[in-house]
Every structure is written in C-alpha cells, then in structure tokens.
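Student: Pasting data_37.txt here (compact mmCIF, C-alpha atoms):
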# COMPACT_ATOMS: atom_id res chain seq x y z
CA MET A 683 -2.77 33.49 -12.61
CA LYS A 684 -2.72 31.12 -9.64
CA LEU A 685 0.19 28.96 -8.58
CA THR A 686 -0.40 25.21 -8.26
CA LEU A 687 -0.24 24.53 -4.51
CA GLN A 688 -0.83 21.35 -2.55
CA THR A 689 -2.44 22.85 0.56
CA LYS A 690 -5.47 20.64 1.17
CA LEU A 691 -3.73 19.13 4.19
CA ILE A 692 -3.55 22.53 5.91
CA PRO A 693 -6.63 23.09 8.11
CA LYS A 694 -8.62 26.29 7.77
CA ASP A 695 -7.29 29.16 9.91
CA ALA A 696 -4.12 27.24 10.78
CA THR A 697 -0.75 28.83 11.56
CA VAL A 698 2.20 27.79 9.38
CA ILE A 699 5.93 28.50 9.53
CA ALA A 700 7.17 29.41 6.04
CA GLY A 701 10.89 29.26 5.31
CA VAL A 702 11.71 32.43 3.35
CA SER A 703 15.24 32.72 1.96
CA GLY A 704 14.42 35.62 -0.33
CA GLY A 705 14.97 33.51 -3.46
CA ARG A 706 12.40 33.21 -6.23
CA ASP A 707 10.87 29.95 -5.01
CA SER A 708 10.28 30.99 -1.40
CA MET A 709 9.03 34.43 -2.44
CA ALA A 710 6.61 32.93 -4.97
CA LEU A 711 5.33 30.45 -2.38
CA THR A 712 4.87 33.09 0.32
CA TYR A 713 3.05 35.40 -2.09
CA ALA A 714 0.81 32.56 -3.30
CA LEU A 715 -0.03 31.35 0.21
CA ARG A 716 -0.97 34.89 1.19
CA ALA A 717 -3.13 35.31 -1.92
CA GLN A 718 -4.68 31.83 -2.25
CA ARG A 719 -5.05 30.91 1.44
CA PRO A 720 -5.94 34.18 3.16
CA ASP A 721 -7.35 32.19 6.09
CA LEU A 722 -3.85 31.08 7.14
CA LYS A 723 -1.64 32.86 9.64
CA ILE A 724 1.80 32.81 7.97
CA VAL A 725 4.90 33.29 10.11
CA ALA A 726 7.95 33.80 7.91
CA ALA A 727 11.29 32.38 9.06
CA HIS A 728 14.63 33.55 7.65
CA VAL A 729 18.07 32.18 8.55
CA ASN A 730 21.07 34.37 7.74
CA HIS A 731 23.86 31.80 7.55
CA GLY A 732 26.47 34.51 6.99
CA LEU A 733 28.18 32.48 4.26
CA ARG A 734 27.94 35.01 1.39
CA PRO A 735 28.79 38.72 1.07
CA SER A 736 25.11 39.30 0.22
CA SER A 737 23.75 37.48 3.30
CA LYS A 738 23.06 40.68 5.25
CA SER A 739 21.37 42.43 2.32
CA ASP A 740 19.29 39.28 1.65
CA ALA A 741 18.10 39.35 5.26
CA ASP A 742 17.26 43.06 4.97
CA PHE A 743 15.35 42.37 1.75
CA VAL A 744 13.26 39.64 3.39
CA LYS A 745 12.55 41.89 6.37
CA GLY A 746 11.38 44.70 4.10
CA MET A 747 9.16 42.44 1.99
CA MET A 748 7.53 40.82 5.01
CA ILE A 749 6.72 44.28 6.40
CA ARG A 750 5.26 45.20 3.00
CA TRP A 751 3.18 42.02 2.90
CA GLU A 752 2.21 42.35 6.59
CA ILE A 753 3.64 38.93 7.50
CA PRO A 754 5.37 38.50 10.89
CA LEU A 755 9.01 37.51 10.56
CA GLU A 756 11.34 35.50 12.79
CA THR A 757 15.08 35.60 12.06
CA LEU A 758 18.19 33.71 13.09
CA ALA A 759 21.86 34.53 12.39
CA PRO A 760 23.98 31.62 13.67
CA LYS A 761 27.77 31.80 13.65
CA PRO A 762 29.19 29.58 10.88
CA PRO A 763 31.63 26.83 11.93
CA GLN A 764 35.29 27.03 10.95
CA ASP A 765 35.27 23.60 9.29
CA GLY A 766 33.11 20.57 8.63
CA ASN A 767 30.20 20.09 6.24
CA ILE A 768 28.84 23.63 5.85
CA GLU A 769 25.77 22.56 3.84
CA GLU A 770 24.78 20.03 6.49
CA TRP A 771 25.38 22.60 9.25
CA GLY A 772 23.15 25.12 7.43
CA ARG A 773 20.37 22.60 6.88
CA ASN A 774 20.45 21.48 10.51
CA LYS A 775 20.36 25.07 11.79
CA ARG A 776 17.38 25.90 9.56
CA TYR A 777 15.28 22.99 10.68
CA GLU A 778 16.22 23.39 14.35
CA PHE A 779 15.02 26.99 14.09
CA PHE A 780 11.85 26.07 12.19
CA THR A 781 11.00 23.39 14.77
CA LYS A 782 11.39 25.86 17.65
CA LEU A 783 9.08 28.30 15.86
CA LEU A 784 6.58 25.51 15.23
CA LYS A 785 6.23 25.07 18.99
CA LYS A 786 6.43 28.77 19.82
CA HIS A 787 3.57 29.72 17.48
CA HIS A 788 1.59 26.47 17.92
CA ALA A 789 1.80 26.04 14.16
CA THR A 790 0.50 23.10 12.15
CA PHE A 791 3.24 22.79 9.52
CA ILE A 792 6.66 23.96 8.48
CA ILE A 793 6.29 25.05 4.83
CA THR A 794 9.22 24.83 2.41
CA ALA A 795 9.49 25.86 -1.25
CA HIS A 796 10.92 22.64 -2.70
CA HIS A 797 9.41 22.14 -6.16
CA GLN A 798 9.29 19.53 -8.94
CA ASN A 799 12.74 20.31 -10.30
CA ASP A 800 14.29 20.15 -6.80
CA ASP A 801 12.65 16.77 -6.33
CA PHE A 802 14.01 15.40 -9.61
CA GLU A 803 17.49 16.80 -8.95
CA SER A 804 17.55 15.22 -5.49
CA MET A 805 16.67 11.84 -6.96
CA LEU A 806 19.46 12.19 -9.54
CA LEU A 807 21.95 13.12 -6.80
CA HIS A 808 21.00 10.03 -4.82
CA PHE A 809 21.25 7.91 -7.96
CA VAL A 810 24.74 9.05 -8.97
CA ARG A 811 26.03 8.73 -5.41
CA GLY A 812 24.59 5.25 -5.02
CA THR A 813 21.12 4.84 -3.62
CA ARG A 814 18.42 2.42 -2.56
CA VAL A 815 14.65 2.52 -2.98
CA LYS A 816 14.28 5.50 -0.64
CA GLY A 817 16.57 7.62 -2.81
CA LEU A 818 14.61 6.80 -5.96
CA SER A 819 11.42 7.91 -4.20
CA GLY A 820 12.52 11.52 -3.99
CA MET A 821 10.94 13.93 -1.52
CA GLN A 822 7.65 13.44 0.27
CA LEU A 823 4.84 15.99 0.04
CA LEU A 824 4.48 15.65 3.80
CA ARG A 825 7.21 14.28 6.07
CA GLU A 826 6.35 14.49 9.75
CA ASN A 827 5.38 18.20 10.07
CA ILE A 828 7.23 19.46 6.96
CA LEU A 829 4.91 20.23 4.02
CA ARG A 830 6.11 21.02 0.48
CA PRO A 831 3.14 22.64 -1.35
CA LEU A 832 5.17 23.22 -4.55
CA LEU A 833 6.49 19.67 -4.86
CA TYR A 834 4.44 18.97 -8.00
CA THR A 835 4.93 22.46 -9.45
CA SER A 836 7.58 23.04 -12.13
CA ARG A 837 10.22 25.76 -12.06
CA ALA A 838 8.77 27.06 -15.32
CA GLU A 839 5.38 27.64 -13.68
CA ILE A 840 7.04 29.39 -10.74
CA ASP A 841 9.01 31.64 -13.11
CA ALA A 842 5.82 32.53 -14.99
CA TYR A 843 4.03 33.29 -11.71
CA ILE A 844 6.89 35.54 -10.57
CA SER A 845 6.76 37.40 -13.89
CA VAL A 846 2.98 37.88 -14.00
CA HIS A 847 2.74 39.15 -10.42
CA GLU A 848 6.03 41.06 -10.53
CA ILE A 849 7.22 39.47 -7.29
CA PRO A 850 10.62 40.76 -6.12
CA TYR A 851 13.26 38.19 -5.19
CA ARG A 852 16.99 37.83 -4.64
CA ASP A 853 19.29 35.65 -6.75
CA ASP A 854 21.78 33.39 -4.99
CA PRO A 855 25.01 33.53 -7.06
CA THR A 856 26.21 30.22 -5.61
CA ASN A 857 23.43 28.48 -7.56
CA GLU A 858 25.58 28.92 -10.67
CA ASP A 859 28.76 27.47 -9.18
CA PRO A 860 29.44 24.10 -10.92
CA MET A 861 31.64 23.03 -8.00
CA TYR A 862 28.43 21.99 -6.23
CA SER A 863 27.05 18.68 -7.49
CA ARG A 864 23.44 19.86 -7.52
CA ASN A 865 24.32 22.93 -9.58
CA PHE A 866 26.20 20.81 -12.12
CA LEU A 867 23.20 18.51 -12.50
CA ARG A 868 20.76 21.43 -12.64
CA ASN A 869 22.66 23.53 -15.17
CA LYS A 870 24.47 20.93 -17.29
CA VAL A 871 22.77 17.52 -17.05
CA VAL A 872 19.05 18.18 -16.55
CA PRO A 873 18.70 20.55 -19.56
CA VAL A 874 20.13 17.83 -21.83
CA LEU A 875 17.78 15.21 -20.36
CA ASN A 876 14.80 17.54 -20.79
CA HIS A 877 15.81 18.21 -24.40
CA MET A 878 15.95 14.49 -25.16
CA TYR A 879 12.99 13.50 -22.96
CA PRO A 880 10.55 16.43 -22.54
CA GLY A 881 8.54 16.33 -19.32
CA LEU A 882 10.91 13.81 -17.71
CA ALA A 883 10.58 15.19 -14.16
CA GLU A 884 6.78 15.07 -14.32
CA LYS A 885 6.82 11.54 -15.71
CA TRP A 886 9.19 10.41 -12.96
CA GLN A 887 7.03 11.97 -10.26
CA LYS A 888 4.08 9.89 -11.46
CA GLN A 889 6.11 6.80 -10.45
CA LYS A 890 6.64 8.03 -6.89
CA PRO A 891 3.68 6.11 -5.38
CA TYR A 892 5.30 2.87 -6.57
CA TRP A 893 8.64 3.66 -4.91
CA PHE A 894 6.99 4.89 -1.71
CA GLU A 895 4.87 1.73 -1.47
CA LEU A 896 7.93 -0.45 -2.06
CA GLN A 897 9.85 1.44 0.63
CA ALA A 898 6.92 1.05 3.04
CA MET A 899 6.90 -2.71 2.43
CA LEU A 900 10.63 -2.92 3.15
CA GLU A 901 10.28 -0.88 6.34
CA GLU A 902 7.36 -3.00 7.57
CA SER A 903 9.31 -6.22 6.97
CA ALA A 904 12.42 -4.72 8.57
CA GLN A 905 10.49 -3.64 11.66
CA ASN A 906 8.93 -7.10 11.99
CA PHE A 907 12.44 -8.59 11.82
CA LEU A 908 13.72 -6.23 14.52
CA ASN A 909 10.76 -7.03 16.74
CA GLU A 910 11.62 -10.73 16.52
CA PHE A 911 15.42 -10.82 16.30
CA LEU A 912 16.71 -7.71 18.10
CA THR A 913 16.92 -8.23 21.87
CA ALA A 914 18.84 -6.71 24.75
CA ASP A 915 21.70 -9.03 23.74
CA GLY A 916 21.84 -7.64 20.19
CA LEU A 917 20.80 -8.64 16.66
CA SER A 918 20.75 -12.27 15.55
CA ARG A 919 23.49 -12.67 12.92
CA GLN A 920 22.20 -16.06 11.78
CA ALA A 921 18.72 -14.69 10.98
CA TYR A 922 20.21 -11.55 9.41
CA LYS A 923 22.43 -13.53 7.01
CA LYS A 924 19.41 -15.25 5.47
CA LEU A 925 17.99 -11.97 4.11
CA GLY A 926 18.59 -10.11 0.85
CA PHE A 927 20.57 -6.86 0.92
CA PRO A 928 17.61 -4.48 0.33
CA LEU A 929 15.96 -5.78 3.50
CA ARG A 930 19.26 -5.93 5.44
CA ALA A 931 19.99 -2.30 4.53
CA THR A 932 16.53 -1.22 5.71
CA ILE A 933 16.98 -3.13 8.97
CA LEU A 934 20.24 -1.28 9.59
CA GLU A 935 18.61 2.09 8.82
CA LEU A 936 15.79 1.46 11.29
CA TRP A 937 18.14 0.06 13.94
CA TYR A 938 20.40 3.10 13.66
CA LYS A 939 17.48 5.51 13.91
CA LYS A 940 16.07 3.59 16.87
CA SER A 941 19.39 3.73 18.72
CA THR A 942 20.47 7.30 17.83
CA GLY A 943 17.40 9.18 16.57
CA LYS A 944 19.35 10.04 13.39
CA MET A 945 19.34 9.03 9.73
CA VAL A 946 22.19 7.06 8.13
CA GLU A 947 24.28 9.51 6.12
CA ASP A 948 25.53 7.35 3.25
CA SER A 949 25.47 3.94 1.57
CA ALA A 950 29.11 3.23 2.43
CA THR A 951 28.26 3.28 6.14
CA LEU A 952 25.43 0.79 5.64
CA GLU A 953 27.72 -1.49 3.63
CA ARG A 954 30.38 -1.34 6.39
CA TRP A 955 27.88 -2.42 9.05
CA ASP A 956 26.42 -5.07 6.75
CA ASN A 957 29.87 -6.53 6.10
CA ALA A 958 30.56 -6.58 9.85
CA LEU A 959 27.42 -8.57 10.62
CA LEU A 960 28.08 -10.98 7.77
CA THR A 961 31.82 -11.59 8.18
CA PHE A 962 33.37 -10.26 11.41
CA THR A 963 34.80 -12.69 13.92
CA PRO A 964 33.83 -12.43 17.63
CA ARG A 965 35.03 -9.32 19.50
CA LYS A 966 35.76 -7.47 16.26
CA LYS A 967 33.99 -4.12 16.04
CA THR A 968 33.27 -1.13 13.79
CA GLU A 969 32.17 2.42 14.57
CA TRP A 970 28.42 2.94 14.99
CA ASP A 971 27.88 6.49 16.26
CA GLY A 972 30.27 8.72 18.14
CA LYS A 973 31.86 6.59 20.86
CA LYS A 974 29.47 3.70 20.26
CA PHE A 975 30.54 0.61 18.32
CA LEU A 976 28.87 -2.34 16.61
CA VAL A 977 30.56 -5.27 18.33
CA MET A 978 30.35 -8.91 17.22
CA SER A 979 29.88 -12.08 19.18
CA LYS A 980 29.47 -15.46 17.51
CA GLU A 981 25.68 -15.22 17.57
CA ARG A 982 24.93 -11.51 17.72
CA GLY A 983 25.91 -7.98 16.85
CA ARG A 984 25.28 -5.45 19.58
CA ILE A 985 25.84 -1.74 20.22
CA ASN A 986 28.36 -0.93 22.97
Translate the structure described by the file into structure tokens.
Tutor:
Amino acid sequence: MKLTLQTKLIPKDATVIAGVSGGRDSMALTYALRAQRPDLKIVAAHVNHGLRPSSKSDADFVKGMMIRWEIPLETLAPKPPQDGNIEEWGRNKRYEFFTKLLKKHHATFIITAHHQNDDFESMLLHFVRGTRVKGLSGMQLLRENILRPLLYTSRAEIDAYISVHEIPYRDDPTNEDPMYSRNFLRNKVVPVLNHMYPGLAEKWQKQKPYWFELQAMLEESAQNFLNEFLTADGLSRQAYKKLGFPLRATILELWYKKSTGKMVEDSATLERWDNALLTFTPRKKTEWDGKKFLVMSKERGRIN
C-alpha cells in the first residue's frame, strides 16, 4: 500500500526539512517519503516544547526512530514562557526552527503532515470564530516554502497506512482534551457532520480553487488600491469609504503586512481599524502594532 502524497513540486534529489512530532501523521509521512521518494534527502526536525510530561520520551522516541530509518535529525528544546498564548508560541518556535534548518541544509521545502481532516477542521474553526474568504479557503498545498503533501489525504487513509506498514508512533493525550476548540470540533462535531453528510471534507476541498481564486481577486484589487491611494501621508479615507467591506478588510490585511511583516490575528482587529477609518474624527487614534498607532486626519489615516 502506498500513501497518497502530493510531491510533484519537489525536484528530484532535493533536500527537504520534515517536521516530525512523533505522532501518527508525521510518522506516516516520513515513512512514506522515505519509501516513495528515495531520491530525496530528508532532514527530520523535532521540537520538544516541554509542555507535557511525555515530551522528553516523545523526543527520545523520534531520535530512536530516525536512527532506525537512517534519517538525520535536528532537535530544539526551547524554554516555555510563563504566560501568554502557548499554542502561538509553540507554532512560532517550530517555524522559526524549520526556517533556520531550511537555510542551513539548503533545502527546497519545509514539509508538514497536515492532512484533509486538519484542513477541514481549520476551516470550521475560522468559520465559527468569524472569518472572511481566506478562512473559507483552508490551507494551501504550498505556501511560500511550506509544502503539505498529505493535504488531500484523509485521516482514514493514514490510519490504514500506519496499520499495514506497522509504523510506530506516539499518541498525544492533549488531542482528546475538549477544552481545546479544535479537539471539540474533531471529536464531537465533525463525526456528526460526517454521519449526516458522508465525504463532506473531500467535497469541501473540491471547492477550494473557487475560494482561492476569489481571495486572489480581492488581494489584486486591494493592492491596486494601495498603489493608488496609500502615500507617505497615509491612506485616503474618502476613497476607502467608497469600497465594500470585503475589499476594505483585504486592504487592511495587506497594509498591516506591508508595515509590520505580520498577519492580522483576528477579525475584531480588522473591524476596529475599519471603524476608525470610517468614523474617527481628526487626531483620534487606535493601536496598530506595538507602540505604533493608526492616527486620523480629516483626509487620511496614517501609521505613527
């Protein structure tokens, strides 16, 4: 049995950085890459976040399996913060590490084990939290240098592959904790949806080209607007007010990324900035990023 992998984008004999947590998905992907693309040089990357009692034994397991499979392994064990968003901290640390390894090993891609069910769950999370077109699009197969070869592969196929090839893996007990929104959707909501609408995730994924194309159209229009109406003096409020909210929101996303290099974290932030540009009186301001503010004049909004 072979696992369905989207690896046509990976050149022959390329080096790739594969994130290996030790869980079933990453172990299945690493095993399949090794078996189905023997031309690749795989460098495994494991981050021990130190957030669970089993973190150390998970790291030891990954180390042992990579030795067994003759795959070089890079590891990182950052010190967890005392407060703040732990999930965001963990994600940022992983991708910072992966990016460093990408340069160190002159690799072509960072490979992650996100699969069809992850994609569908992410879309649902965006939907229930309040989303725009981008959230309904789900994950991209390739985003910058991050490739997700399992994105169109179901969890059921991965489970079958693990069983047939007797691939060892480690379970993460936190995946069963309903306190986390994703776990609640995965374990309580998605099974009901699949019972009522079999194959729902696959059917939704077939719509992804539509949502991606719509998002691309919005971003192109937003960029054209910024090129014309964003100057050193700020953004034209008069021109901005004439637009519909989907385009205004996209303009704000691109403007924020242009000025900070970061993505907007939530819809509420976009709505706050939008309200400021539409309604604030001159000299009134709202937080933009860190110590920077979006400050109004009669004609323009600018970042100070």
Student: Please determine, counting only C-alpha atoms, which residue among A:Arg830, A:Lys890, A:Lys786, A:Lys944 has the shortest atom-to-atom distance to Val725 (chain A).
Tutor: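 Closest to Val725 (chain A), using only C-alpha atoms: A:Lys786.
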Student: What's the separation between CA of Arg811 (chain A) and CA of Trp955 (chain A), in Å to one decimal place?
Tutor: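 Spanning CA of Arg811 (chain A) to CA of Trp955 (chain A) is a straight-line distance of 18.4 Å.
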Student: Would you mind listing what lies within 12 Å of Lys973 (chain A) as a list in words, with only C-alpha atoms counted and same-chain residues fewer than 6 positions away left out?
Tutor: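 In the requested form, the answer reads Thr942, Lys967, Ile985 and Asn986 of chain A.
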Student: Hey, what's within 10 Å of Ala921 (chain A) if we count only C-alpha atoms and toss same-chain stuff fewer than 5 positions away? As a PyMOL selection string, please?
Tutor: chain A and resi 907+910-911+981-982
Student: Can you tell me which residues surround Leu806 (chain A) at a distance of at most 12 Å, considering all atoms listed in the file, apart from same-chain residues fewer than 3 positions away, and format the answer as a tab-separated table (two decimals) with C-alpha atoms, in the frame of the given file?
Tutor:
chain	number	residue	atom	x	y	z
A	799	ASN	CA	12.74	20.31	-10.30
A	800	ASP	CA	14.29	20.15	-6.80
A	801	ASP	CA	12.65	16.77	-6.33
A	802	PHE	CA	14.01	15.40	-9.61
A	803	GLU	CA	17.49	16.80	-8.95
A	809	PHE	CA	21.25	7.91	-7.96
A	810	VAL	CA	24.74	9.05	-8.97
A	811	ARG	CA	26.03	8.73	-5.41
A	812	GLY	CA	24.59	5.25	-5.02
A	813	THR	CA	21.12	4.84	-3.62
A	817	GLY	CA	16.57	7.62	-2.81
A	818	LEU	CA	14.61	6.80	-5.96
A	819	SER	CA	11.42	7.91	-4.20
A	820	GLY	CA	12.52	11.52	-3.99
A	821	MET	CA	10.94	13.93	-1.52
A	863	SER	CA	27.05	18.68	-7.49
A	864	ARG	CA	23.44	19.86	-7.52
A	865	ASN	CA	24.32	22.93	-9.58
A	866	PHE	CA	26.20	20.81	-12.12
A	867	LEU	CA	23.20	18.51	-12.50
A	868	ARG	CA	20.76	21.43	-12.64
A	871	VAL	CA	22.77	17.52	-17.05
A	872	VAL	CA	19.05	18.18	-16.55
A	875	LEU	CA	17.78	15.21	-20.36
A	882	LEU	CA	10.91	13.81	-17.71
A	883	ALA	CA	10.58	15.19	-14.16
A	886	TRP	CA	9.19	10.41	-12.96
Student: Around (4.9, 18.4, -0.4) in the file's frame, which residues reach within 10 Å when counting all atoms listed in the file? Return as a list in words?
Tutor: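 Here is the list of nearby residues: Leu687, Gln688, Thr689, Leu691, Ile793, Thr794, Ala795, His796, His797, Gln798, Asp801, Met821, Gln822, Leu823, Leu824, Arg825, Ile828, Leu829, Arg830, Pro831, Leu832, Leu833, Tyr834 and Thr835 of chain A.
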Student: Rounded to one decimal place, report the CA of Gln887 (chain A)-CA of Tyr843 (chain A) distance in Å.
Tutor: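 About the pair CA of Gln887 (chain A) and CA of Tyr843 (chain A): they are 21.6 Å apart.
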Student: Since the input lacks some atoms of region 904-916 of chain A, please model N, CA and C atoms and print them as a short mmCIF file (atom, residue, chain, number, x, y, z; two decimals), in the coordinates of the input.
Tutor:
data_model
loop_
_atom_site.label_atom_id
_atom_site.label_comp_id
_atom_site.auth_asym_id
_atom_site.auth_seq_id
_atom_site.Cartn_x
_atom_site.Cartn_y
_atom_site.Cartn_z
N ALA A 904 11.25 -4.96 7.73
CA ALA A 904 12.42 -4.72 8.57
C ALA A 904 12.02 -4.56 10.04
N GLN A 905 10.94 -3.83 10.28
CA GLN A 905 10.49 -3.64 11.66
C GLN A 905 10.04 -4.95 12.27
N ASN A 906 9.35 -5.79 11.50
CA ASN A 906 8.93 -7.10 11.99
C ASN A 906 10.15 -7.95 12.36
N PHE A 907 11.20 -7.85 11.53
CA PHE A 907 12.44 -8.59 11.82
C PHE A 907 13.06 -8.10 13.13
N LEU A 908 13.14 -6.78 13.30
CA LEU A 908 13.72 -6.23 14.52
C LEU A 908 12.92 -6.63 15.75
N ASN A 909 11.61 -6.63 15.61
CA ASN A 909 10.76 -7.03 16.74
C ASN A 909 11.05 -8.46 17.18
N GLU A 910 11.39 -9.32 16.22
CA GLU A 910 11.62 -10.73 16.52
C GLU A 910 13.08 -11.05 16.87
N PHE A 911 14.02 -10.39 16.20
CA PHE A 911 15.42 -10.82 16.30
C PHE A 911 16.37 -9.82 16.95
N LEU A 912 15.88 -8.65 17.37
CA LEU A 912 16.71 -7.71 18.10
C LEU A 912 16.29 -7.73 19.57
N THR A 913 17.20 -8.15 20.44
CA THR A 913 16.92 -8.23 21.87
C THR A 913 17.94 -7.38 22.62
N ALA A 914 17.86 -7.43 23.93
CA ALA A 914 18.84 -6.71 24.75
C ALA A 914 20.26 -7.22 24.52
N ASP A 915 20.38 -8.45 24.01
CA ASP A 915 21.70 -9.03 23.74
C ASP A 915 22.22 -8.69 22.35
N GLY A 916 21.40 -8.03 21.52
CA GLY A 916 21.84 -7.64 20.19
C GLY A 916 21.00 -8.25 19.08
#
